[in-house]
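Here's the structure we're looking at; comments come further down.
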Amino acid sequence: MGPRPLTEPPDRGSEAIGGGPGTERSTNEVQLADADRPATSRRGPAPVVKVRRSDWDLAVVIPDATAVLRTPGAGLPEVALAGRSNTGKSSLINALVRRKGLARTSSTPGRTQEILVFAGPGKTALADLPGYGWARAPQGARVQWAQLIDAYIAQREMLAGLLLIVDARRGLGPLDEEMLARIEARGLPWRLITTKVDKLTRTEKDRLPQLLGPRGRNAIFFSAKTGEGREDVWRAVAELAALR
Ligand SMILES: Nc1nc2c(ncn2[C@@H]2O[C@H](COP(=O)(O)OP(=O)(O)OP(=O)(O)O)[C@@H](O)[C@H]2O)c(=O)[nH]1
Ligand SMILES: [Mg+2]
């Protein structure tokens with residue numbers, strides 16, 4: 001059976017977090033947060049990248065699925081940010097590079113509609129993907145975004161790894177599991193980021209590892225609002241690219 005399209009309506013009771021099948025630990029999951037066991041072994045953890053505000057810019061736009069193969073990269077491996085619509089992928093990029101408005105964000109889902117590749121002075125480009133799972137998006141748009149995401153994940157030659165972005169209040173859903181299955185099918189590493197942790201109460205934050213289940217064992221807790229987890233995400237980006 002081939003992979004399901006990433007267009008399935010999201011709000012299903014079956015989106016129990018960390019429970020059902022497919023949540024077992026993956027060999028593609030990178031052990032980044034554990035300083036004792038850096039993925040780059042003898043060389044130690046990758047250094048945190050320091051960037052200045054103006055160093056990053058939009059390098060490449062991939063408008064649709066047919067353009068994935070023929071659109072050149074920025075000469076850098078790409079780490080992609082994927083996740084459900086409105087989880088904060090674009091905001092995370094802006095927070096990482098400390099440049100508000102570089103990647104366009106919105107309080108309504110469906111803001112990012114193409115794949116935008118941002119490049120800076122570092123060794124890795126960041127690819128901002130459209131979100132999936134927004135049930136109220138027009139059907140045509142949903143199909144087009146899903147095809148674009150699918151093509152990028154399956155075919156993009158310079159794709160080095162994936163940051164899977166989930167809202168800390170929701171955890172992983174079936175479409176997120178599907179995304180991980182696809183990236184693992186390509187043999188590429190990934191890392192889970194839970195965003196908007198500033199919105200959690202203390203108790204919710206304490207319960208987050210339990211909510212995320214085995215997939216979330218090495219999750220990075222991130223907030224674009226407070227900057228929490230920013231350095232960890234940079235480290236993850238560098239590690240993913242180094243594994244390429
Ligand atoms: N409080 C809080 N809000 C956030 C955070 N990250 C993103 N947001 C808000 O969440 C909304 C969605 O953010 P985006 O960055 O546009 O989300 P996206 O995942 O790129 O969305 P799509 O492109 O539609 O898939 C915006 O209103 C952001 O301001 C965060 O860490 N904390
Ligand atoms: Mg976006």
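The way I read the labels, and the way they are meant: chains A, B, ... in the order of the structure tokens, residue 1 as the first residue of every chain, and ligand 1 as the first ligand shown, with later ones counted on from there.
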All residues 8 Å or closer to Leu102 of chain A, only C-alpha atoms, same chain fewer than 2 positions away omitted, as a PyMOL selection string: chain A and resi 57-58+94+99-100+104
Selection above as a file: C-alpha atoms, as a compact mmCIF listing (two decimals), in the first residue's frame:
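result_34.txt was written with the following content:
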# COMPACT_ATOMS: atom_id res chain seq x y z
CA ASP A 57 17.46 35.82 3.05
CA LEU A 58 15.01 34.05 0.80
CA ASN A 94 12.14 33.95 11.96
CA ARG A 99 14.50 38.37 11.59
CA LYS A 100 10.82 39.11 11.99
CA ARG A 104 5.56 35.23 6.44
So which residues are near ligand 2, meaning at most 6 Å away with only C-alpha atoms and all ligand atoms counted, given back as a PDB file with N, CA and C atoms, in the first residue's frame?
ATOM      1  N   LYS A  89       5.778  26.990  12.055  1.00  0.00           N
ATOM      2  CA  LYS A  89       6.997  26.684  11.277  1.00  0.00           C
ATOM      3  C   LYS A  89       7.701  27.960  10.821  1.00  0.00           C
ATOM      4  N   SER A  90       6.919  28.858  10.237  1.00  0.00           N
ATOM      5  CA  SER A  90       7.522  30.089   9.721  1.00  0.00           C
ATOM      6  C   SER A  90       8.020  30.968  10.873  1.00  0.00           C
ATOM      7  N   THR A 105       4.153  34.938   8.365  1.00  0.00           N
ATOM      8  CA  THR A 105       3.377  34.178   9.343  1.00  0.00           C
ATOM      9  C   THR A 105       1.961  34.748   9.403  1.00  0.00           C
ATOM     10  N   ARG A 111      -0.926  30.039   5.683  1.00  0.00           N
ATOM     11  CA  ARG A 111      -0.112  31.187   5.294  1.00  0.00           C
ATOM     12  C   ARG A 111       0.937  30.809   4.244  1.00  0.00           C
ATOM     13  N   THR A 112       1.704  29.782   4.531  1.00  0.00           N
ATOM     14  CA  THR A 112       2.774  29.380   3.619  1.00  0.00           C
ATOM     15  C   THR A 112       2.193  28.453   2.557  1.00  0.00           C
ATOM     16  N   PRO A 130       4.627  24.365   3.294  1.00  0.00           N
ATOM     17  CA  PRO A 130       3.234  24.644   3.657  1.00  0.00           C
ATOM     18  C   PRO A 130       2.793  23.647   4.729  1.00  0.00           C
TER      19      PRO A 130
END
Nearest to Ile115 of chain A by atom-to-atom distance, counting only C-alpha atoms, from A:Gly101, A:Ala67, A:Arg136, A:Ala95: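 The closest residue to Ile115 of chain A is A:Ala67.
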Nearest residue to Ile149 of chain A from the set A:Ala185, A:Ala219, A:Ala65, A:Leu81 (distances using only C-alpha atoms): A:Ala65
Can you write out as a tab-separated table which residues of chain A fall within 6 Å of ligand 1, alongside each residue's closest atom pair and its distance in Å to one decimal, counting only C-alpha atoms and all ligand atoms and ordering rows by chain and ascending residue number?
residue	atom	partner	partner_atom_place_in_ligand_line	distance
A:Ser85	CA	ligand 1	25 (O)	3.4
A:Asn86	CA	ligand 1	21 (O)	3.4
A:Thr87	CA	ligand 1	19 (O)	4.0
A:Gly88	CA	ligand 1	17 (O)	3.3
A:Lys89	CA	ligand 1	19 (O)	3.9
A:Ser90	CA	ligand 1	15 (O)	3.8
A:Ser91	CA	ligand 1	15 (O)	3.6
A:Thr105	CA	ligand 1	16 (O)	3.2
A:Ser106	CA	ligand 1	16 (O)	4.2
A:Ser107	CA	ligand 1	27 (O)	3.3
A:Pro109	CA	ligand 1	24 (O)	3.8
A:Gly110	CA	ligand 1	24 (O)	3.4
A:Arg111	CA	ligand 1	24 (O)	3.9
A:Thr112	CA	ligand 1	23 (O)	3.6
A:Pro130	CA	ligand 1	25 (O)	4.9
A:Gly131	CA	ligand 1	25 (O)	3.3
A:Thr195	CA	ligand 1	31 (O)	5.1
A:Lys196	CA	ligand 1	31 (O)	3.4
A:Asp198	CA	ligand 1	32 (N)	5.8
A:Lys199	CA	ligand 1	1 (N)	5.7
A:Ser223	CA	ligand 1	31 (O)	3.5
A:Ala224	CA	ligand 1	31 (O)	3.7
A:Lys225	CA	ligand 1	32 (N)	4.8
Selected residue of minimal separation from Arg191 of chain A among A:Ala119, A:Leu240, A:Leu159, A:Leu126, counting only C-alpha atoms: A:Leu240
Neighbour list for Leu200 of chain A as a VMD selection string, cut-off 12 Å, only C-alpha atoms, skip fewer than 6 positions in-chain: chain A and resid 167 to 170 194 206 to 208 221 to 223
Those residues you just picked out, can you put them in a file as a PDB file, in the first residue's frame with C-alpha atoms?
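Below is the file that was written, again_17.pdb:
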ATOM      1  CA  ASP A 167       1.975  22.317  18.640  1.00  0.00           C
ATOM      2  CA  ALA A 168       2.867  21.460  22.226  1.00  0.00           C
ATOM      3  CA  ARG A 169      -0.806  21.455  23.160  1.00  0.00           C
ATOM      4  CA  ARG A 170      -1.709  18.859  20.537  1.00  0.00           C
ATOM      5  CA  THR A 194       7.142  21.164  20.057  1.00  0.00           C
ATOM      6  CA  ASP A 206       5.554  18.722  32.986  1.00  0.00           C
ATOM      7  CA  ARG A 207       3.172  16.328  31.246  1.00  0.00           C
ATOM      8  CA  LEU A 208       4.434  17.051  27.763  1.00  0.00           C
ATOM      9  CA  PHE A 221      10.612  22.434  23.595  1.00  0.00           C
ATOM     10  CA  PHE A 222      10.475  25.679  21.677  1.00  0.00           C
ATOM     11  CA  SER A 223       8.815  29.075  21.842  1.00  0.00           C
TER      12      SER A 223
END
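The shell of residues at most 6 Å from Ile165 of chain A, with only C-alpha atoms counted and near chain neighbours (fewer than 4 positions) removed, consists of Ala82, Gly83, Ile193 and Thr194 of chain A.
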Residue among A:Val79, A:Val97, A:Val60, A:Val197 lying closest to Ala242 of chain A, counting only C-alpha atoms: A:Val79
Selection near Leu76 of chain A, 8 Å with only C-alpha atoms, sequence-local residues under 4 positions removed, as number ranges by chain: A: 119, 123-125, 158
Write the residues you've just listed into a file as an mmCIF file, in the first residue's frame, and include C-alpha atoms for each of them.
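The resulting file, part.cif, is reproduced below:
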data_model
loop_
_atom_site.group_PDB
_atom_site.id
_atom_site.type_symbol
_atom_site.label_atom_id
_atom_site.label_comp_id
_atom_site.auth_asym_id
_atom_site.auth_seq_id
_atom_site.Cartn_x
_atom_site.Cartn_y
_atom_site.Cartn_z
ATOM 1 C CA ALA A 119 19.866 30.630 3.214
ATOM 2 C CA LYS A 123 26.253 25.524 6.106
ATOM 3 C CA THR A 124 22.557 24.717 5.978
ATOM 4 C CA ALA A 125 19.515 26.190 4.271
ATOM 5 C CA MET A 158 19.637 18.234 -1.286
#
Best match for closeness to Ile93 of chain A among A:Ala160, A:Ala127, A:Val61, A:Leu243, counting only C-alpha atoms: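 Looking at the shortest contact to Ile93 of chain A, the residue is A:Ala127.
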Given only C-alpha atoms as the counted atoms, nearest of A:Leu96, A:Asp128, A:Gln147, A:Leu188 to Thr226 of chain A: A:Leu96
Gap from atom CA of Met179 of chain A to atom CA of Leu162 of chain A - Å, one decimal: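 One can read the atom CA of Met179 of chain A to atom CA of Leu162 of chain A distance as 9.5 Å.
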Strand (DSSP E) positions in segment 40-166 of chain A, given as a PyMOL selection string: chain A and resi 57-62+78-83+115-119+125-128+159-166
Since we have the selection now, will you write its residues out, keeping N, CA and C atoms, as an mmCIF file, in the first residue's frame?
data_model
loop_
_atom_site.group_PDB
_atom_site.id
_atom_site.type_symbol
_atom_site.label_atom_id
_atom_site.label_comp_id
_atom_site.auth_asym_id
_atom_site.auth_seq_id
_atom_site.Cartn_x
_atom_site.Cartn_y
_atom_site.Cartn_z
ATOM 1 N N ASP A 57 18.379 35.309 4.051
ATOM 2 C CA ASP A 57 17.459 35.822 3.050
ATOM 3 C C ASP A 57 16.776 34.684 2.316
ATOM 4 N N LEU A 58 15.691 35.033 1.640
ATOM 5 C CA LEU A 58 15.008 34.048 0.804
ATOM 6 C C LEU A 58 15.900 33.719 -0.385
ATOM 7 N N ALA A 59 16.179 32.435 -0.582
ATOM 8 C CA ALA A 59 17.092 32.038 -1.653
ATOM 9 C C ALA A 59 16.369 31.378 -2.819
ATOM 10 N N VAL A 60 15.381 30.584 -2.525
ATOM 11 C CA VAL A 60 14.744 29.765 -3.559
ATOM 12 C C VAL A 60 13.254 29.635 -3.250
ATOM 13 N N VAL A 61 12.436 29.691 -4.301
ATOM 14 C CA VAL A 61 11.000 29.423 -4.144
ATOM 15 C C VAL A 61 10.639 28.215 -5.008
ATOM 16 N N ILE A 62 9.981 27.244 -4.399
ATOM 17 C CA ILE A 62 9.503 26.078 -5.156
ATOM 18 C C ILE A 62 7.980 26.155 -5.163
ATOM 19 N N GLU A 78 19.551 21.188 2.612
ATOM 20 C CA GLU A 78 18.336 21.807 3.143
ATOM 21 C C GLU A 78 17.778 20.993 4.310
ATOM 22 N N VAL A 79 17.487 21.674 5.403
ATOM 23 C CA VAL A 79 16.722 21.081 6.493
ATOM 24 C C VAL A 79 15.318 21.662 6.392
ATOM 25 N N ALA A 80 14.332 20.778 6.276
ATOM 26 C CA ALA A 80 12.960 21.230 6.046
ATOM 27 C C ALA A 80 12.172 21.277 7.343
ATOM 28 N N LEU A 81 11.253 22.248 7.417
ATOM 29 C CA LEU A 81 10.334 22.340 8.547
ATOM 30 C C LEU A 81 8.950 21.937 8.060
ATOM 31 N N ALA A 82 8.468 20.825 8.590
ATOM 32 C CA ALA A 82 7.157 20.340 8.183
ATOM 33 C C ALA A 82 6.280 20.194 9.412
ATOM 34 N N GLY A 83 4.980 20.244 9.180
ATOM 35 C CA GLY A 83 4.054 20.084 10.301
ATOM 36 C C GLY A 83 2.671 20.541 9.894
ATOM 37 N N ILE A 115 7.031 26.325 -1.200
ATOM 38 C CA ILE A 115 8.188 26.004 -0.365
ATOM 39 C C ILE A 115 9.212 27.114 -0.538
ATOM 40 N N LEU A 116 9.570 27.715 0.580
ATOM 41 C CA LEU A 116 10.518 28.819 0.563
ATOM 42 C C LEU A 116 11.805 28.361 1.225
ATOM 43 N N VAL A 117 12.890 28.474 0.498
ATOM 44 C CA VAL A 117 14.180 28.050 1.039
ATOM 45 C C VAL A 117 14.972 29.294 1.427
ATOM 46 N N PHE A 118 15.341 29.356 2.691
ATOM 47 C CA PHE A 118 16.107 30.490 3.204
ATOM 48 C C PHE A 118 17.555 30.066 3.415
ATOM 49 N N ALA A 119 18.446 30.950 3.057
ATOM 50 C CA ALA A 119 19.866 30.630 3.214
ATOM 51 C C ALA A 119 20.572 31.787 3.900
ATOM 52 N N ALA A 125 20.672 25.366 4.609
ATOM 53 C CA ALA A 125 19.515 26.190 4.271
ATOM 54 C C ALA A 125 18.290 25.636 5.001
ATOM 55 N N LEU A 126 17.308 26.491 5.229
ATOM 56 C CA LEU A 126 16.073 26.079 5.907
ATOM 57 C C LEU A 126 14.915 26.176 4.920
ATOM 58 N N ALA A 127 14.167 25.078 4.783
ATOM 59 C CA ALA A 127 13.039 25.064 3.846
ATOM 60 C C ALA A 127 11.731 25.111 4.622
ATOM 61 N N ASP A 128 10.964 26.157 4.396
ATOM 62 C CA ASP A 128 9.678 26.358 5.066
ATOM 63 C C ASP A 128 8.588 25.743 4.198
ATOM 64 N N LEU A 159 17.830 17.557 0.209
ATOM 65 C CA LEU A 159 17.176 17.466 1.521
ATOM 66 C C LEU A 159 18.036 16.634 2.476
ATOM 67 N N ALA A 160 18.411 17.237 3.584
ATOM 68 C CA ALA A 160 19.312 16.561 4.530
ATOM 69 C C ALA A 160 18.557 15.939 5.700
ATOM 70 N N GLY A 161 17.435 16.542 6.074
ATOM 71 C CA GLY A 161 16.704 16.044 7.226
ATOM 72 C C GLY A 161 15.509 16.932 7.502
ATOM 73 N N LEU A 162 14.753 16.534 8.509
ATOM 74 C CA LEU A 162 13.470 17.180 8.754
ATOM 75 C C LEU A 162 13.329 17.602 10.208
ATOM 76 N N LEU A 163 12.812 18.798 10.399
ATOM 77 C CA LEU A 163 12.319 19.190 11.714
ATOM 78 C C LEU A 163 10.801 19.060 11.659
ATOM 79 N N LEU A 164 10.261 18.158 12.443
ATOM 80 C CA LEU A 164 8.812 18.009 12.493
ATOM 81 C C LEU A 164 8.285 18.923 13.591
ATOM 82 N N ILE A 165 7.438 19.852 13.195
ATOM 83 C CA ILE A 165 6.968 20.885 14.114
ATOM 84 C C ILE A 165 5.550 20.549 14.567
ATOM 85 N N VAL A 166 5.384 20.344 15.863
ATOM 86 C CA VAL A 166 4.037 20.091 16.385
ATOM 87 C C VAL A 166 3.715 21.100 17.477
#
Which of segment 70-169 of chain A DSSP labels helix (DSSP H, G or I), written as number ranges by chain: A: 89-97, 139-155
Produce a file of the selected residues containing C-alpha atoms, as a PDB file, in the first residue's frame.
ATOM      1  CA  LYS A  89       6.997  26.684  11.277  1.00  0.00           C
ATOM      2  CA  SER A  90       7.522  30.089   9.721  1.00  0.00           C
ATOM      3  CA  SER A  91       7.684  31.775  13.117  1.00  0.00           C
ATOM      4  CA  LEU A  92      10.372  29.314  14.142  1.00  0.00           C
ATOM      5  CA  ILE A  93      12.507  30.260  11.148  1.00  0.00           C
ATOM      6  CA  ASN A  94      12.139  33.945  11.957  1.00  0.00           C
ATOM      7  CA  ALA A  95      13.064  33.309  15.576  1.00  0.00           C
ATOM      8  CA  LEU A  96      16.063  31.223  14.575  1.00  0.00           C
ATOM      9  CA  VAL A  97      17.536  33.838  12.309  1.00  0.00           C
ATOM     10  CA  GLN A 139      -9.890  21.320  -1.771  1.00  0.00           C
ATOM     11  CA  GLY A 140      -7.786  22.378  -4.764  1.00  0.00           C
ATOM     12  CA  ALA A 141      -5.272  24.121  -2.556  1.00  0.00           C
ATOM     13  CA  ARG A 142      -5.071  21.192  -0.161  1.00  0.00           C
ATOM     14  CA  VAL A 143      -4.310  18.789  -2.984  1.00  0.00           C
ATOM     15  CA  GLN A 144      -1.716  21.127  -4.466  1.00  0.00           C
ATOM     16  CA  TRP A 145       0.066  21.667  -1.141  1.00  0.00           C
ATOM     17  CA  ALA A 146       0.005  17.947  -0.376  1.00  0.00           C
ATOM     18  CA  GLN A 147       1.494  17.134  -3.777  1.00  0.00           C
ATOM     19  CA  LEU A 148       4.163  19.767  -3.300  1.00  0.00           C
ATOM     20  CA  ILE A 149       5.104  18.466   0.153  1.00  0.00           C
ATOM     21  CA  ASP A 150       5.079  14.853  -1.044  1.00  0.00           C
ATOM     22  CA  ALA A 151       7.276  15.645  -4.032  1.00  0.00           C
ATOM     23  CA  TYR A 152       9.715  17.646  -1.945  1.00  0.00           C
ATOM     24  CA  ILE A 153      10.082  14.954   0.712  1.00  0.00           C
ATOM     25  CA  ALA A 154      10.419  12.175  -1.856  1.00  0.00           C
ATOM     26  CA  GLN A 155      12.548  13.841  -4.514  1.00  0.00           C
TER      27      GLN A 155
END
